[in-house]
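Asker: Contents of model_14.txt (compact mmCIF, C-alpha atoms) are below:
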# COMPACT_ATOMS: atom_id res chain seq x y z
CA VAL F 219 107.92 22.11 111.30
CA THR F 220 105.93 25.23 112.07
CA GLY F 221 102.30 24.81 112.99
CA VAL F 222 102.75 21.27 114.39
CA GLN F 223 101.76 20.90 118.05
CA THR F 224 103.48 18.44 120.37
CA CYS F 225 101.88 16.59 123.27
CA ALA F 226 103.40 16.74 126.75
CA LEU F 227 102.05 13.30 127.76
CA PRO F 228 104.37 10.27 127.62
CA ILE F 229 103.80 7.95 124.66
CA SER F 230 102.75 5.12 127.01
CA THR F 231 100.03 7.33 128.49
CA ILE F 232 98.76 8.29 125.07
CA ARG F 233 98.45 4.66 124.03
CA ARG F 234 96.31 3.78 127.07
CA ARG F 235 93.81 6.52 126.36
CA ARG F 236 91.02 6.38 123.82
CA PRO F 237 90.04 9.87 122.64
CA PRO F 238 86.36 10.81 122.76
CA GLU F 239 84.49 10.31 119.51
CA ALA F 240 84.31 14.07 118.92
CA LEU F 241 88.08 14.44 119.22
CA GLN F 242 89.07 11.63 116.90
CA ALA F 243 90.67 12.70 113.61
CA PRO F 244 88.08 12.81 110.82
CA ILE F 245 88.31 10.14 108.16
CA ALA F 246 89.55 11.59 104.89
CA THR F 247 86.86 11.52 102.24
CA GLU F 248 87.04 12.09 98.52
CA THR F 249 85.60 15.37 97.26
CA VAL F 250 82.14 14.88 95.82
CA PHE F 251 81.35 16.93 92.73
CA PRO F 252 77.95 17.59 91.13
CA PRO F 253 76.66 14.80 88.85
CA VAL F 254 78.59 14.94 85.57
CA SER F 255 75.43 14.63 83.49
CA GLU F 256 73.88 17.66 85.21
CA VAL F 257 77.05 19.73 84.85
CA ASN F 258 77.27 18.95 81.15
CA ALA F 259 73.56 19.64 80.64
CA LEU F 260 73.72 23.06 82.30
CA TRP F 261 76.90 24.03 80.43
CA SER F 262 75.35 22.95 77.13
CA ALA F 263 72.14 24.88 77.85
CA SER F 264 74.03 28.06 78.72
CA THR F 265 74.48 30.66 75.98
CA ARG F 266 77.78 31.05 74.16
CA LEU F 267 79.06 34.62 74.22
CA ARG F 268 79.01 34.81 70.44
CA ASP F 269 75.24 34.22 70.52
CA LEU F 270 74.49 37.08 72.94
CA ASP F 271 73.25 40.47 71.82
CA PRO F 272 76.27 42.79 71.35
CA GLN F 273 74.75 45.15 73.93
CA ASP F 274 74.21 42.41 76.51
CA ALA F 275 75.33 43.38 80.02
CA LEU F 276 77.60 40.34 80.19
CA LEU F 277 79.63 41.50 77.22
CA GLN F 278 79.73 45.01 78.63
CA TYR F 279 81.05 43.62 81.92
CA LEU F 280 83.91 41.85 80.13
CA ALA F 281 84.71 44.92 78.05
CA GLN F 282 84.82 47.12 81.15
CA ARG F 283 87.47 44.81 82.60
CA GLY F 284 89.56 45.11 79.45
CA ILE F 285 88.84 41.53 78.34
CA ASP F 286 88.60 40.88 74.61
CA ARG F 287 85.09 39.50 74.43
CA ASP F 288 85.52 38.18 70.89
CA ARG F 289 88.60 36.22 71.93
CA CYS F 290 86.84 35.07 75.09
CA ALA F 291 83.94 33.85 72.97
CA ALA F 292 86.24 32.08 70.52
CA LEU F 293 87.95 30.19 73.35
CA ASP F 294 84.58 29.47 75.02
CA LEU F 295 85.97 30.41 78.43
CA CYS F 296 82.60 31.31 79.93
CA ARG F 297 78.94 31.49 78.97
CA GLY F 298 75.71 33.21 79.91
CA LEU F 299 73.86 31.07 82.44
CA ALA F 300 70.84 29.16 81.17
CA PRO F 301 67.38 30.25 82.46
CA PRO F 302 65.92 28.76 85.70
CA PRO F 303 63.93 25.97 83.99
CA CYS F 304 67.29 24.40 83.07
CA TRP F 305 68.75 24.61 86.56
CA PRO F 306 69.70 21.56 88.65
CA SER F 307 69.03 21.47 92.40
CA TRP F 308 72.57 22.60 93.30
CA ILE F 309 72.36 26.17 91.99
CA PRO F 310 73.70 28.25 94.95
CA LEU F 311 70.82 30.68 95.41
CA VAL F 312 72.15 31.90 98.80
CA GLY F 313 68.65 32.89 99.87
CA GLN F 314 67.79 34.90 96.76
CA LYS F 315 64.83 34.41 94.47
CA PRO F 316 65.79 32.56 91.26
CA LEU F 317 65.07 35.43 88.84
CA LEU F 318 67.02 37.94 90.93
CA TRP F 319 69.90 35.50 91.36
CA ALA F 320 69.93 34.81 87.62
CA GLU F 321 70.39 38.51 86.90
CA THR F 322 73.31 38.70 89.37
CA TYR F 323 75.30 35.52 88.66
CA ARG F 324 74.99 35.26 84.90
CA LEU F 325 78.57 34.33 83.99
CA VAL F 326 79.32 30.63 84.29
CA THR F 327 82.86 29.22 83.98
CA PRO F 328 83.77 25.52 83.70
CA LEU F 329 86.00 23.78 86.23
CA TRP F 330 88.19 20.88 85.13
CA ASP F 331 89.72 18.00 87.06
CA ALA F 332 93.31 16.76 86.85
CA ARG F 333 92.51 14.66 83.77
CA GLY F 334 90.90 17.48 81.84
CA GLN F 335 87.31 16.40 82.42
CA LEU F 336 84.53 18.93 83.03
CA ARG F 337 83.43 18.32 86.63
CA SER F 338 81.79 21.50 87.91
CA LEU F 339 80.83 25.11 87.17
CA ARG F 340 81.51 28.40 88.92
CA PHE F 341 79.09 31.32 88.88
CA ARG F 342 80.41 34.90 88.73
CA ALA F 343 78.49 38.01 89.71
CA THR F 344 78.68 40.93 87.31
CA SER F 345 77.33 43.56 89.70
CA PRO F 346 79.88 45.78 91.50
CA GLU F 347 77.57 45.88 94.53
CA ILE F 348 78.23 42.24 95.45
CA PRO F 349 80.64 41.93 98.43
CA ALA F 350 84.07 40.41 97.81
CA GLY F 351 83.34 37.07 99.47
CA LYS F 352 80.29 36.43 97.27
CA LYS F 353 81.50 37.52 93.84
CA ALA F 354 81.89 33.89 92.77
CA LEU F 355 79.85 30.91 93.97
CA ASN F 356 80.24 27.15 93.65
CA PRO F 357 77.50 24.49 93.47
CA SER F 358 75.58 24.15 96.71
CA GLY F 359 76.18 20.92 98.62
CA TYR F 360 79.20 19.83 96.56
CA GLY F 361 82.94 20.36 96.73
CA TYR F 362 85.35 21.84 94.22
CA ALA F 363 88.77 21.00 95.69
CA GLY F 364 91.23 19.88 93.03
CA LEU F 365 89.42 21.64 90.18
CA VAL F 366 90.85 24.46 88.05
CA MET F 367 89.84 26.77 85.25
CA ALA F 368 91.73 26.03 82.04
CA ASP F 369 91.92 27.47 78.55
CA PRO F 370 91.89 25.00 75.61
CA VAL F 371 95.68 24.63 75.70
CA GLY F 372 95.54 24.00 79.44
CA VAL F 373 92.80 21.39 79.04
CA SER F 374 94.92 19.58 76.47
CA LEU F 375 97.83 19.46 78.95
CA LEU F 376 95.63 18.01 81.68
CA ARG F 377 94.43 15.35 79.24
CA GLY F 378 98.02 14.38 78.54
CA GLN F 379 97.79 15.43 74.90
CA PRO F 380 99.42 18.88 74.64
CA GLU F 381 98.41 20.86 71.60
CA LYS F 382 101.10 21.42 69.01
CA THR F 383 100.70 25.15 69.60
CA TRP F 384 101.87 24.88 73.24
CA ASP F 385 105.28 26.56 73.70
CA GLY F 386 106.22 24.96 77.04
CA ARG F 387 104.96 27.78 79.26
CA ILE F 388 102.08 27.62 81.75
CA VAL F 389 100.66 30.77 83.33
CA VAL F 390 98.84 30.10 86.62
CA VAL F 391 96.51 32.90 87.72
CA GLU F 392 93.97 33.45 90.48
CA GLY F 393 90.25 33.97 89.95
CA GLU F 394 88.04 34.36 86.92
CA PRO F 395 88.95 37.91 85.79
CA ASP F 396 92.68 37.14 85.69
CA PHE F 397 91.96 33.82 84.00
CA TRP F 398 89.94 35.50 81.25
CA THR F 399 92.49 38.30 80.92
CA TRP F 400 95.52 36.05 80.45
CA SER F 401 93.66 33.60 78.24
CA CYS F 402 92.64 36.49 75.97
CA HIS F 403 95.95 38.34 76.18
CA PRO F 404 96.71 40.16 72.90
CA GLY F 405 100.16 38.57 72.87
CA ARG F 406 98.50 35.27 71.99
CA LEU F 407 96.55 36.48 68.97
CA GLU F 408 99.36 36.65 66.47
CA LYS F 409 101.91 34.33 68.02
CA ASN F 410 102.03 30.65 67.49
CA PRO F 411 102.93 28.69 69.58
CA THR F 412 101.61 30.09 72.85
CA TRP F 413 101.32 29.44 76.59
CA ALA F 414 98.66 27.54 78.53
CA VAL F 415 96.56 29.18 81.25
CA LEU F 416 95.28 27.60 84.47
CA GLY F 417 93.11 29.48 86.96
CA VAL F 418 93.04 28.59 90.65
CA VAL F 419 90.93 29.47 93.66
CA SER F 420 91.11 28.30 97.26
CA GLY F 421 91.65 24.52 97.34
CA SER F 422 92.24 24.17 93.59
CA TRP F 423 95.80 22.89 93.53
CA SER F 424 96.54 19.24 94.31
CA GLU F 425 99.23 16.62 93.86
CA SER F 426 97.10 15.07 91.13
CA LEU F 427 97.15 18.33 89.18
CA ALA F 428 100.89 18.71 89.71
CA GLU F 429 101.44 15.25 88.25
CA ARG F 430 99.74 16.33 85.02
CA ILE F 431 102.16 19.20 84.44
CA PRO F 432 104.78 18.04 81.92
CA SER F 433 108.33 17.83 83.22
CA GLU F 434 110.57 20.73 82.26
CA ALA F 435 107.58 23.01 81.71
CA ARG F 436 108.10 26.69 82.50
CA VAL F 437 105.46 27.63 85.07
CA ILE F 438 104.82 31.33 85.75
CA LEU F 439 102.88 31.96 88.96
CA ARG F 440 100.75 35.09 88.69
CA THR F 441 98.45 34.64 91.69
CA HIS F 442 97.61 37.77 93.68
CA HIS F 443 100.30 39.37 95.82
CA ASP F 444 98.36 39.07 99.06
CA GLU F 445 98.40 36.43 101.78
CA PRO F 446 96.07 33.91 100.05
CA GLY F 447 97.78 34.42 96.69
CA GLU F 448 101.23 33.86 98.17
CA LYS F 449 100.00 30.65 99.80
CA TYR F 450 98.63 29.39 96.49
CA ALA F 451 101.92 30.20 94.76
CA GLU F 452 104.00 28.50 97.43
CA ARG F 453 101.88 25.34 97.36
CA ILE F 454 102.21 25.12 93.59
CA ARG F 455 105.94 25.79 93.72
CA LEU F 456 106.56 23.02 96.25
CA THR F 457 104.77 20.45 94.08
CA LEU F 458 106.62 21.37 90.88
CA GLN F 459 110.08 22.67 91.82
CA ASP F 460 111.81 19.31 91.35
CA ARG F 461 110.58 18.87 87.76
CA CYS F 462 109.78 22.28 86.34
CA SER F 463 111.16 25.78 86.14
CA VAL F 464 108.85 27.70 88.49
CA LEU F 465 108.86 31.50 88.28
CA ARG F 466 106.97 33.98 90.46
CA SER F 467 105.73 37.31 89.17
CA LEU F 468 106.65 40.46 91.06
CA PRO F 469 104.10 42.93 92.43
CA ARG F 470 102.98 45.38 89.77
CA SER F 471 104.94 48.27 91.28
CA GLU F 472 108.19 46.29 91.20
CA GLU F 473 107.58 45.07 87.66
CA HIS F 474 107.59 48.64 86.43
CA THR F 475 110.62 49.81 88.42
CA SER F 476 112.95 46.81 88.22
CA GLU F 477 115.76 46.31 85.75
CA LEU F 478 114.19 43.04 84.62
CA GLN F 479 117.22 41.12 85.81
CA SER F 480 115.43 38.27 87.57
CA PRO F 481 114.34 35.23 85.52
CA CYS F 482 110.72 35.79 86.57
CA ASN F 483 110.69 39.39 85.44
CA LEU F 484 112.26 38.46 82.15
CA VAL F 485 109.65 35.82 81.46
CA CYS F 486 106.81 38.10 82.55
CA ARG F 487 108.16 40.75 80.16
CA LEU F 488 108.38 38.23 77.34
CA LEU F 489 104.76 37.25 77.96
CA LEU F 490 103.74 40.83 77.33
CA GLU F 491 105.71 41.29 74.11
Once more with this new file: its structure as structure tokens, please.

Answerer:
Amino acid sequence: VTGVQTCALPISTIRRRRPPEALQAPIATETVFPPVSEVNALWSASTRLRDLDPQDALLQYLAQRGIDRDRCAALDLCRGLAPPPCWPSWIPLVGQKPLLWAETYRLVTPLWDARGQLRSLRFRATSPEIPAGKKALNPSGYGYAGLVMADPVGVSLLRGQPEKTWDGRIVVVEGEPDFWTWSCHPGRLEKNPTWAVLGVVSGSWSESLAERIPSEARVILRTHHDEPGEKYAERIRLTLQDRCSVLRSLPRSEEHTSELQSPCNLVCRLLLE
């Protein structure tokens, strides 16, 4: 197996040695999320998109990215962050003053666990001046491994109670903008039933999540076509390939030039029709 190192010492020698404390393998610990009550309180205090002024910068940000803000509001995919008096101690200020931070990271998106329970929030910057590595922040001092973004159909799947409108397809995307885009895709407005959408970031996917995906589901992987995105897609594929039909999208350039002969291309085309 690639990436596995072997030791040149005989097994008997290894057994007689006790590794220093600093070299011993760390004990696996369960990811600790922010207190559920505080997560729910902050999400409840945050402003629904439908209640924002039509000229609000948040709505303009979504519109500039081609995201249907009315559809996004109807699905309650994200909200405008509540003011500082409502903030818990784990807001990731990254050294900024609260009021300045609040103007930068105003979009808040819920993160769900494998059972469809709200467990954390993710804060998205709307300013183009923010560097790539800081465009989205997670709660300070807490983990987020094993959590995903999910549209209402996706949440129902995680809870083990798929909505009647689900058509058997699951689109897995990477990051907030792609999550909002595919959740609000115009192909879903007039069609019933429709697909579910799950959004992943680094560390999102887990065996527990894979177990919640119904057998024989059609899973379309639309993570980014770069090194991290390919790793996410491969991890998901390995956990689902024995039970589900897993399809990978092609890079945008190939989608436009291909003859749509591969199963993945066909499904991606159908999702756009």

Asker: List every protein, DNA or RNA residue that has an atom no more than 12 Å from (100.5, 35.5, 91.6) in the file's coordinate frame, counting all atoms listed in the file, and report them as a ChimeraX atom specification.

Answerer: /F:389-393,396-397,416-419,437-455,464-470,482,486

Asker: Pick the closest to Asp274 in chain F from F:Thr249, F:Thr344, F:Ser307, F:Leu339: which is it, counting all atoms listed in the file?

Answerer: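 Checking each of F:Thr249, F:Thr344, F:Ser307, F:Leu339 against Asp274 in chain F, counting all atoms listed in the file, the winner is F:Thr344.
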
Asker: Would you mind telling me which residue in F:Val415, F:Ala354, F:Leu267, F:Arg333 lies nearest to Gln379 in chain F when using only C-alpha atoms?

Answerer: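 Of F:Val415, F:Ala354, F:Leu267, F:Arg333, the one nearest Gln379 in chain F is F:Arg333, counting only C-alpha atoms.
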
Asker: So which residues touch Val312 in chain F within 10 Å, counting only C-alpha atoms, skipping near sequence neighbours fewer than 3 positions away, as a list in words?

Answerer: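 Once the nearby chain positions are removed, what remains is Ile309, Lys315, Pro316, Trp319, Lys352, Leu355 and Ser358 of chain F.
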
Asker: Hey, which of F:Lys382, F:Arg324, F:Arg461, F:Arg430 ends up closest to Thr265 in chain F? Count all atoms listed in the file.

Answerer: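 Nearest to Thr265 in chain F: F:Arg324.
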
Asker: Show me, as JSON, numbers by chain, the residues that have an atom within 9 Å of Ile285 in chain F when counting only C-alpha atoms, minus same-chain residues fewer than 5 positions from it.

Answerer: {"F": [279, 280, 290, 395, 398, 399, 400, 402, 403]}

Asker: Residues within 12 Å of Pro370 in chain F, please, as a list in words. Count only C-alpha atoms; anything in the same chain fewer than 5 positions from it doesn't count.

Answerer: Cys290, Ala292, Leu293, Asp294, Leu295, Pro328, Trp330, Gly334, Gln335, Leu375, Leu376, Arg377, Gln379, Pro380, Glu381, Lys382, Thr383, Trp384, Ser401, Cys402, Thr412, Trp413, Ala414, Val415 and Leu416 of chain F

Asker: For Leu299 in chain F, please output as a list in words all residues within 9 Å (counting all atoms listed in the file; exclusion window: fewer than 5 positions along the same chain).

Answerer: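 Everything that qualifies: Leu260, Trp261, Ala263, Ser264, Thr265, Ala320, Tyr323, Arg324, Leu325, Val326 and Phe341 of chain F.
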
Asker: Tell me which residues come within 8 Å of (101.4, 20.9, 82.8), as a compact mmCIF listing (two decimals) with C-alpha atoms, in the frame of the given file, counting all atoms listed in the file in the file's coordinates.

Answerer:
# COMPACT_ATOMS: atom_id res chain seq x y z
CA GLY F 372 95.54 24.00 79.44
CA LEU F 375 97.83 19.46 78.95
CA LEU F 376 95.63 18.01 81.68
CA ILE F 388 102.08 27.62 81.75
CA ALA F 428 100.89 18.71 89.71
CA GLU F 429 101.44 15.25 88.25
CA ARG F 430 99.74 16.33 85.02
CA ILE F 431 102.16 19.20 84.44
CA PRO F 432 104.78 18.04 81.92
CA SER F 433 108.33 17.83 83.22
CA ALA F 435 107.58 23.01 81.71

Asker: Select, from F:Asn258, F:Arg297, F:Thr322, F:Met367, the residue with the minimum atom-to-atom distance to Ser422 in chain F, counting only C-alpha atoms.

Answerer: F:Met367

Asker: Ranking F:Gln314, F:Ser463, F:Ser426, F:Asn410 by minimum distance to Leu365 in chain F and counting only C-alpha atoms, which one comes first?

Answerer: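 Nearest to Leu365 in chain F: F:Ser426.
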
Asker: Could you tell me how far CA of Glu248 in chain F lies from CA of Tyr362 in chain F, in Å and to one decimal?

Answerer: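 So the answer is 10.8 Å.
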
Asker: Under the rule that all atoms listed in the file are counted, which of F:Pro411, F:Gly361, F:Cys296, F:Cys462 is the nearest residue to Asp385 in chain F?

Answerer: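 Among the listed residues, the smallest separation from Asp385 in chain F belongs to F:Pro411.
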
Asker: CA of Glu321 in chain F to CA of Ser262 in chain F: how many Å, to one decimal?

Answerer: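 About the pair CA of Glu321 in chain F and CA of Ser262 in chain F: they are 19.0 Å apart.
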
Asker: For CA of Pro310 in chain F and CA of Gly359 in chain F, quote the distance in Å rounded to one decimal.

Answerer: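 A separation of 8.6 Å between them.
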